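One file, query-v2.txt, is given below (compact mmCIF, N, CA and C atoms).
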```txt
# COMPACT_ATOMS: atom_id res chain seq x y z
N MET A 25 3.93 -25.94 34.40
CA MET A 25 4.49 -24.82 33.64
C MET A 25 3.61 -24.59 32.41
N GLU A 26 3.25 -23.33 32.19
CA GLU A 26 2.44 -22.99 31.01
C GLU A 26 3.35 -22.60 29.85
N ASP A 27 2.91 -22.98 28.65
CA ASP A 27 3.64 -22.56 27.46
C ASP A 27 3.35 -21.09 27.18
N GLU A 28 4.33 -20.42 26.66
CA GLU A 28 4.16 -19.02 26.26
C GLU A 28 4.47 -18.90 24.78
N LEU A 29 3.58 -18.31 24.05
CA LEU A 29 3.79 -18.09 22.62
C LEU A 29 4.50 -16.76 22.44
N ILE A 30 5.63 -16.80 21.79
CA ILE A 30 6.39 -15.59 21.47
C ILE A 30 6.46 -15.50 19.96
N GLN A 31 5.81 -14.49 19.42
CA GLN A 31 5.82 -14.33 17.97
C GLN A 31 6.98 -13.42 17.58
N ILE A 32 7.96 -14.01 16.99
CA ILE A 32 9.13 -13.25 16.54
C ILE A 32 8.98 -12.99 15.05
N PHE A 33 9.00 -11.73 14.67
CA PHE A 33 8.89 -11.31 13.28
C PHE A 33 7.58 -11.73 12.60
N PRO A 34 6.45 -11.59 13.28
CA PRO A 34 5.20 -11.96 12.61
C PRO A 34 4.87 -10.98 11.48
N THR A 35 4.24 -11.48 10.44
CA THR A 35 3.87 -10.64 9.31
C THR A 35 2.42 -10.92 8.91
N PRO A 36 1.48 -10.26 9.57
CA PRO A 36 0.09 -10.44 9.16
C PRO A 36 -0.18 -9.69 7.86
N VAL A 37 -0.91 -10.32 6.97
CA VAL A 37 -1.28 -9.73 5.69
C VAL A 37 -2.78 -9.92 5.51
N THR A 38 -3.47 -8.84 5.16
CA THR A 38 -4.89 -8.97 4.84
C THR A 38 -5.11 -8.53 3.40
N ILE A 39 -6.12 -9.13 2.79
CA ILE A 39 -6.51 -8.76 1.43
C ILE A 39 -7.98 -8.35 1.50
N THR A 40 -8.25 -7.13 1.05
CA THR A 40 -9.62 -6.63 1.05
C THR A 40 -9.93 -6.11 -0.34
N LYS A 41 -10.97 -6.62 -0.95
CA LYS A 41 -11.33 -6.18 -2.29
C LYS A 41 -12.19 -4.92 -2.22
N TYR A 42 -11.88 -3.98 -3.08
CA TYR A 42 -12.67 -2.76 -3.20
C TYR A 42 -13.89 -3.09 -4.04
N LYS A 43 -15.07 -2.84 -3.50
CA LYS A 43 -16.30 -3.23 -4.19
C LYS A 43 -16.93 -2.11 -5.01
N GLY A 44 -16.41 -0.90 -4.89
CA GLY A 44 -16.97 0.21 -5.64
C GLY A 44 -16.45 0.28 -7.07
N SER A 45 -16.96 1.22 -7.81
CA SER A 45 -16.50 1.46 -9.17
C SER A 45 -15.23 2.33 -9.11
N LEU A 46 -14.32 2.07 -10.02
CA LEU A 46 -13.09 2.87 -10.10
C LEU A 46 -13.05 3.70 -11.38
N VAL A 47 -14.15 3.80 -12.09
CA VAL A 47 -14.17 4.48 -13.38
C VAL A 47 -13.66 5.92 -13.26
N ASP A 48 -14.21 6.70 -12.36
CA ASP A 48 -13.80 8.10 -12.22
C ASP A 48 -12.36 8.21 -11.71
N GLU A 49 -11.99 7.36 -10.78
CA GLU A 49 -10.63 7.39 -10.24
C GLU A 49 -9.59 7.03 -11.31
N LEU A 50 -9.91 6.05 -12.13
CA LEU A 50 -8.98 5.67 -13.20
C LEU A 50 -8.79 6.80 -14.20
N LYS A 51 -9.87 7.50 -14.52
CA LYS A 51 -9.74 8.66 -15.41
C LYS A 51 -8.86 9.72 -14.77
N TYR A 52 -9.07 9.96 -13.48
CA TYR A 52 -8.32 10.99 -12.78
C TYR A 52 -6.82 10.64 -12.69
N ILE A 53 -6.50 9.41 -12.33
CA ILE A 53 -5.07 9.08 -12.16
C ILE A 53 -4.31 9.14 -13.49
N ASP A 54 -5.03 9.01 -14.60
CA ASP A 54 -4.36 9.16 -15.90
C ASP A 54 -3.96 10.61 -16.18
N THR A 55 -4.55 11.56 -15.44
CA THR A 55 -4.22 12.98 -15.64
C THR A 55 -3.04 13.43 -14.78
N LEU A 56 -2.59 12.58 -13.85
CA LEU A 56 -1.53 12.97 -12.93
C LEU A 56 -0.17 12.98 -13.62
N GLU A 57 0.77 13.73 -13.04
CA GLU A 57 2.12 13.80 -13.59
C GLU A 57 2.95 12.65 -13.00
N TYR A 58 3.60 11.91 -13.89
CA TYR A 58 4.43 10.76 -13.50
C TYR A 58 5.88 11.02 -13.89
N ILE A 59 6.78 10.45 -13.11
CA ILE A 59 8.21 10.56 -13.37
C ILE A 59 8.75 9.16 -13.64
N LYS A 60 9.49 9.02 -14.75
CA LYS A 60 10.07 7.72 -15.07
C LYS A 60 11.18 7.41 -14.08
N GLN A 61 11.16 6.20 -13.54
CA GLN A 61 12.15 5.77 -12.57
C GLN A 61 13.35 5.17 -13.30
N LYS A 62 14.52 5.43 -12.78
CA LYS A 62 15.74 4.90 -13.41
C LYS A 62 15.91 3.42 -13.09
N GLY A 63 16.33 2.67 -14.08
CA GLY A 63 16.71 1.29 -13.87
C GLY A 63 15.61 0.25 -14.03
N ASN A 64 14.35 0.62 -13.90
CA ASN A 64 13.31 -0.40 -13.99
C ASN A 64 12.17 -0.03 -14.94
N ASN A 65 12.23 1.15 -15.52
CA ASN A 65 11.27 1.61 -16.52
C ASN A 65 9.83 1.74 -16.03
N ASN A 66 9.62 1.84 -14.72
CA ASN A 66 8.27 2.12 -14.26
C ASN A 66 8.14 3.61 -13.96
N PHE A 67 6.95 4.05 -13.63
CA PHE A 67 6.67 5.46 -13.41
C PHE A 67 6.03 5.65 -12.04
N LYS A 68 6.39 6.74 -11.39
CA LYS A 68 5.86 7.09 -10.07
C LYS A 68 5.28 8.50 -10.14
N THR A 69 4.16 8.72 -9.46
CA THR A 69 3.59 10.07 -9.47
C THR A 69 4.54 11.04 -8.80
N LYS A 70 4.58 12.24 -9.35
CA LYS A 70 5.41 13.30 -8.77
C LYS A 70 4.90 13.65 -7.38
N ASP A 71 3.59 13.68 -7.22
CA ASP A 71 2.96 13.98 -5.93
C ASP A 71 2.90 12.70 -5.10
N THR A 72 3.43 12.73 -3.89
CA THR A 72 3.41 11.55 -3.02
C THR A 72 2.43 11.71 -1.86
N TYR A 73 1.47 12.60 -2.04
CA TYR A 73 0.42 12.82 -1.03
C TYR A 73 -0.95 12.76 -1.71
N LEU A 74 -1.19 11.71 -2.47
CA LEU A 74 -2.38 11.64 -3.32
C LEU A 74 -3.69 11.53 -2.54
N LEU A 75 -3.66 11.08 -1.31
CA LEU A 75 -4.91 10.97 -0.56
C LEU A 75 -5.46 12.32 -0.14
N LYS A 76 -4.72 13.37 -0.42
CA LYS A 76 -5.22 14.73 -0.18
C LYS A 76 -6.07 15.23 -1.35
N HIS A 77 -6.07 14.50 -2.46
CA HIS A 77 -6.84 14.88 -3.65
C HIS A 77 -8.30 14.49 -3.44
N LYS A 78 -9.19 15.45 -3.58
CA LYS A 78 -10.63 15.18 -3.36
C LYS A 78 -11.15 14.15 -4.36
N GLN A 79 -10.53 14.04 -5.52
CA GLN A 79 -10.97 13.08 -6.54
C GLN A 79 -10.72 11.63 -6.10
N LEU A 80 -9.89 11.46 -5.08
CA LEU A 80 -9.57 10.11 -4.59
C LEU A 80 -10.16 9.86 -3.20
N LYS A 81 -11.19 10.64 -2.85
CA LYS A 81 -11.79 10.53 -1.52
C LYS A 81 -12.34 9.13 -1.24
N ASN A 82 -12.99 8.51 -2.22
CA ASN A 82 -13.53 7.17 -2.01
C ASN A 82 -12.43 6.16 -1.71
N ILE A 83 -11.32 6.29 -2.40
CA ILE A 83 -10.17 5.41 -2.16
C ILE A 83 -9.60 5.69 -0.77
N LYS A 84 -9.46 6.97 -0.44
CA LYS A 84 -8.95 7.35 0.89
C LYS A 84 -9.83 6.76 2.00
N ASP A 85 -11.14 6.89 1.84
CA ASP A 85 -12.07 6.34 2.85
C ASP A 85 -11.92 4.83 2.97
N PHE A 86 -11.79 4.16 1.84
CA PHE A 86 -11.62 2.71 1.83
C PHE A 86 -10.32 2.31 2.53
N ILE A 87 -9.24 3.00 2.20
CA ILE A 87 -7.94 2.69 2.80
C ILE A 87 -7.99 2.92 4.31
N ASN A 88 -8.57 4.04 4.73
CA ASN A 88 -8.67 4.31 6.18
C ASN A 88 -9.53 3.26 6.88
N GLU A 89 -10.60 2.83 6.23
CA GLU A 89 -11.45 1.78 6.80
C GLU A 89 -10.65 0.48 6.97
N CYS A 90 -9.86 0.14 5.96
CA CYS A 90 -9.02 -1.07 6.02
C CYS A 90 -7.97 -0.96 7.13
N ILE A 91 -7.36 0.21 7.25
CA ILE A 91 -6.35 0.42 8.30
C ILE A 91 -6.98 0.27 9.68
N ASN A 92 -8.13 0.90 9.87
CA ASN A 92 -8.80 0.82 11.17
C ASN A 92 -9.21 -0.61 11.51
N LYS A 93 -9.70 -1.33 10.51
CA LYS A 93 -10.09 -2.72 10.72
C LYS A 93 -8.86 -3.58 11.05
N PHE A 94 -7.77 -3.37 10.34
CA PHE A 94 -6.53 -4.10 10.58
C PHE A 94 -6.01 -3.81 11.99
N THR A 95 -5.98 -2.54 12.34
CA THR A 95 -5.48 -2.14 13.66
C THR A 95 -6.31 -2.76 14.78
N LYS A 96 -7.63 -2.75 14.61
CA LYS A 96 -8.54 -3.29 15.62
C LYS A 96 -8.42 -4.82 15.70
N ASN A 97 -8.46 -5.48 14.54
CA ASN A 97 -8.49 -6.95 14.52
C ASN A 97 -7.13 -7.61 14.72
N ILE A 98 -6.08 -7.03 14.18
CA ILE A 98 -4.76 -7.65 14.26
C ILE A 98 -3.99 -7.16 15.48
N TYR A 99 -3.94 -5.85 15.66
CA TYR A 99 -3.20 -5.29 16.80
C TYR A 99 -4.04 -5.18 18.07
N GLN A 100 -5.35 -5.46 17.93
CA GLN A 100 -6.25 -5.37 19.08
C GLN A 100 -6.17 -3.99 19.73
N SER A 101 -6.21 -2.95 18.89
CA SER A 101 -6.06 -1.58 19.36
C SER A 101 -7.10 -0.67 18.71
N ASP A 102 -7.51 0.33 19.46
CA ASP A 102 -8.39 1.36 18.91
C ASP A 102 -7.60 2.58 18.47
N GLN A 103 -6.29 2.51 18.55
CA GLN A 103 -5.42 3.60 18.12
C GLN A 103 -5.63 3.85 16.64
N LYS A 104 -5.77 5.10 16.25
CA LYS A 104 -5.95 5.45 14.84
C LYS A 104 -4.59 5.71 14.21
N LEU A 105 -4.28 4.99 13.17
CA LEU A 105 -3.05 5.21 12.42
C LEU A 105 -3.35 6.19 11.28
N VAL A 106 -2.33 6.92 10.86
CA VAL A 106 -2.48 7.95 9.85
C VAL A 106 -1.57 7.63 8.66
N VAL A 107 -2.12 7.73 7.47
CA VAL A 107 -1.33 7.56 6.25
C VAL A 107 -0.51 8.83 6.06
N THR A 108 0.80 8.68 5.98
CA THR A 108 1.66 9.86 5.82
C THR A 108 1.96 10.15 4.36
N GLN A 109 2.07 9.12 3.55
CA GLN A 109 2.32 9.33 2.12
C GLN A 109 1.55 8.30 1.31
N CYS A 110 1.25 8.69 0.08
CA CYS A 110 0.56 7.79 -0.84
C CYS A 110 0.86 8.25 -2.26
N TRP A 111 1.34 7.35 -3.08
CA TRP A 111 1.65 7.69 -4.46
C TRP A 111 1.22 6.53 -5.35
N LEU A 112 1.30 6.74 -6.64
CA LEU A 112 0.97 5.70 -7.61
C LEU A 112 2.20 5.29 -8.39
N ASN A 113 2.24 4.03 -8.73
CA ASN A 113 3.24 3.50 -9.64
C ASN A 113 2.53 2.93 -10.85
N LYS A 114 3.10 3.16 -12.01
CA LYS A 114 2.63 2.53 -13.24
C LYS A 114 3.75 1.64 -13.74
N ASN A 115 3.40 0.41 -14.02
CA ASN A 115 4.38 -0.53 -14.52
C ASN A 115 3.95 -1.02 -15.90
N PRO A 116 4.40 -0.31 -16.94
CA PRO A 116 4.07 -0.76 -18.30
C PRO A 116 4.68 -2.14 -18.57
N LYS A 117 4.17 -2.81 -19.58
CA LYS A 117 4.69 -4.12 -19.96
C LYS A 117 6.21 -4.03 -20.14
N GLY A 118 6.93 -4.97 -19.54
CA GLY A 118 8.39 -4.99 -19.65
C GLY A 118 9.09 -4.23 -18.53
N SER A 119 8.32 -3.55 -17.69
CA SER A 119 8.94 -2.82 -16.57
C SER A 119 8.87 -3.68 -15.31
N SER A 120 9.49 -3.18 -14.26
CA SER A 120 9.47 -3.89 -12.99
C SER A 120 9.43 -2.87 -11.87
N HIS A 121 9.28 -3.36 -10.68
CA HIS A 121 9.33 -2.47 -9.51
C HIS A 121 10.51 -2.93 -8.66
N HIS A 122 11.32 -2.01 -8.22
CA HIS A 122 12.52 -2.35 -7.47
C HIS A 122 12.17 -2.93 -6.09
N GLU A 123 13.04 -3.79 -5.63
CA GLU A 123 12.89 -4.34 -4.29
C GLU A 123 13.20 -3.23 -3.28
N HIS A 124 12.37 -3.11 -2.27
CA HIS A 124 12.58 -2.06 -1.27
C HIS A 124 11.86 -2.43 0.02
N CYS A 125 12.10 -1.65 1.06
CA CYS A 125 11.42 -1.88 2.33
C CYS A 125 10.95 -0.55 2.90
N HIS A 126 10.09 -0.62 3.88
CA HIS A 126 9.56 0.56 4.55
C HIS A 126 9.90 0.46 6.04
N PRO A 127 11.15 0.74 6.41
CA PRO A 127 11.60 0.50 7.79
C PRO A 127 10.94 1.38 8.84
N ASN A 128 10.41 2.52 8.48
CA ASN A 128 9.81 3.41 9.47
C ASN A 128 8.29 3.33 9.49
N SER A 129 7.73 2.31 8.89
CA SER A 129 6.28 2.17 8.83
C SER A 129 5.78 1.13 9.83
N ILE A 130 4.70 1.44 10.50
CA ILE A 130 4.05 0.46 11.36
C ILE A 130 3.36 -0.57 10.48
N ILE A 131 2.64 -0.09 9.47
CA ILE A 131 2.06 -0.97 8.45
C ILE A 131 2.28 -0.33 7.08
N SER A 132 2.27 -1.15 6.07
CA SER A 132 2.35 -0.67 4.69
C SER A 132 1.23 -1.33 3.91
N GLY A 133 0.79 -0.66 2.86
CA GLY A 133 -0.29 -1.23 2.07
C GLY A 133 -0.14 -0.96 0.60
N VAL A 134 -0.85 -1.74 -0.17
CA VAL A 134 -0.86 -1.60 -1.63
C VAL A 134 -2.31 -1.63 -2.09
N PHE A 135 -2.67 -0.71 -2.96
CA PHE A 135 -3.99 -0.72 -3.59
C PHE A 135 -3.76 -0.90 -5.07
N TYR A 136 -4.26 -2.00 -5.63
CA TYR A 136 -4.10 -2.27 -7.05
C TYR A 136 -5.31 -1.74 -7.80
N PHE A 137 -5.09 -0.83 -8.72
CA PHE A 137 -6.18 -0.31 -9.54
C PHE A 137 -6.51 -1.27 -10.68
N LYS A 138 -5.48 -1.86 -11.28
CA LYS A 138 -5.71 -2.65 -12.50
C LYS A 138 -5.10 -4.04 -12.46
N GLN A 139 -4.62 -4.46 -11.34
CA GLN A 139 -3.94 -5.76 -11.28
C GLN A 139 -4.44 -6.51 -10.07
N ASN A 140 -4.44 -7.83 -10.17
CA ASN A 140 -4.79 -8.65 -9.03
C ASN A 140 -3.61 -8.74 -8.08
N PHE A 141 -3.90 -8.93 -6.83
CA PHE A 141 -2.87 -9.07 -5.80
C PHE A 141 -2.12 -10.39 -5.99
N HIS A 142 -0.80 -10.33 -5.89
CA HIS A 142 0.03 -11.53 -5.95
C HIS A 142 0.97 -11.51 -4.77
N LEU A 143 0.80 -12.43 -3.85
CA LEU A 143 1.62 -12.47 -2.64
C LEU A 143 3.10 -12.65 -2.95
N TYR A 144 3.43 -13.30 -4.04
CA TYR A 144 4.84 -13.54 -4.34
C TYR A 144 5.60 -12.27 -4.69
N ASN A 145 4.93 -11.15 -4.77
CA ASN A 145 5.61 -9.88 -5.01
C ASN A 145 6.26 -9.31 -3.75
N PHE A 146 6.00 -9.91 -2.60
CA PHE A 146 6.48 -9.37 -1.34
C PHE A 146 7.59 -10.23 -0.76
N LEU A 147 8.61 -9.57 -0.25
CA LEU A 147 9.75 -10.22 0.36
C LEU A 147 9.94 -9.69 1.77
N LYS A 148 10.55 -10.49 2.62
CA LYS A 148 10.85 -10.03 3.97
C LYS A 148 12.31 -10.35 4.26
N HIS A 149 13.04 -9.33 4.65
CA HIS A 149 14.44 -9.49 5.00
C HIS A 149 14.63 -9.11 6.45
N HIS A 150 15.49 -9.84 7.13
CA HIS A 150 15.83 -9.52 8.51
C HIS A 150 17.33 -9.31 8.59
N ASN A 151 17.72 -8.16 9.08
CA ASN A 151 19.14 -7.89 9.31
C ASN A 151 19.40 -8.08 10.81
N ILE A 152 19.75 -9.28 11.17
CA ILE A 152 19.98 -9.61 12.57
C ILE A 152 21.47 -9.49 12.85
N GLN A 153 21.77 -8.75 13.90
CA GLN A 153 23.18 -8.56 14.24
C GLN A 153 23.47 -9.13 15.61
```
Please lay out the structure from this file as structure tokens.
Amino acid sequence: MEDELIQIFPTPVTITKYKGSLVDELKYIDTLEYIKQKGNNNFKTKDTYLLKHKQLKNIKDFINECINKFTKNIYQSDQKLVVTQCWLNKNPKGSSHHEHCHPNSIISGVFYFKQNFHLYNFLKHHNIQ
């Protein structure tokens, strides 16, 4: 009898560092309109389709490259995934980001402009019935 590996609830995570300069992008994102979020004092861009902005083309290209690499290497697929929404959050000192999930997403990603990645910011909940 052969063993069969069944991966239940696997969560692959990749970390890819952006090697380009963010000087122009940082200047641009400071010009965007932000809305203060209730309860946690952070800010979210009013526009949730930021990858359509030509000023963020380098970031868009990087994100798409990461998605394609992830899809090919992790899912073993040549299927092209499409980013449907993209927005920015600003978390001033003393603010927080609310706990949330993305139930309709095949994959989700985070691009940090000014902060290092911290895995402990991510939680996984399973509602098993």
Need to verify the contact set: range 64-80 of chain A, 7 Å, all atoms listed in the file, exclusion of same-chain residues closer than 6 positions in sequence. Can you return it as an MDAnalysis selection string?
chainID A and resid 48:49 56:58 108:116 118:122
Which of range 39-100 of chain A end up as alpha helix (DSSP H) when DSSP is run on this backbone - answer as a list in words?
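Selecting the alpha helix (DSSP H) positions of range 39-100 of chain A gives Val47, Asp48, Glu49, Leu50, Lys51, Tyr52, Ile53, Lys81, Asn82, Ile83, Lys84, Asp85, Phe86, Ile87, Asn88, Glu89, Cys90, Ile91, Asn92, Lys93, Phe94, Thr95, Lys96 and Asn97 of chain A.
Atom C of Glu89 in chain A to atom N of Ile130 in chain A spans 15.8 Å [interatomic distance, one decimal].
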List every residue of chain A that DSSP, applied to the backbone of this structure, assigns to strand (DSSP E), and report them as a list in words.
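The strand (DSSP E) residues within chain A come out as Tyr58, Ile59, Lys60, Phe67, Lys68, Thr69, Asn113 and Lys114 of chain A.
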Could you please determine the separation between atom N of Glu28 in chain A and atom C of Gln100 in chain A in Å, to one decimal place?
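These atoms are spaced 20.7 Å apart.
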Let me have the centre and edge lengths in Å, one decimal, of the box along x, y and z around every listed atom of range 115-124 of chain A with 8 Å of margin on each side, as JSON.
```
{"center_x": 8.3, "center_y": -2.3, "center_z": -10.1, "size_x": 25.8, "size_y": 21.4, "size_z": 36.2}
```
Separation of atom N of Lys51 in chain A from atom C of Thr38 in chain A in Å
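Between atom C of Thr38 in chain A and atom N of Lys51 in chain A the gap works out to 24.5 Å.
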Smallest atom-to-atom distance to Asn88 in chain A: which of A:Val134, A:Gln31, A:Leu105, A:Gly63, using only C-alpha atoms?
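The closest residue to Asn88 in chain A is A:Leu105.
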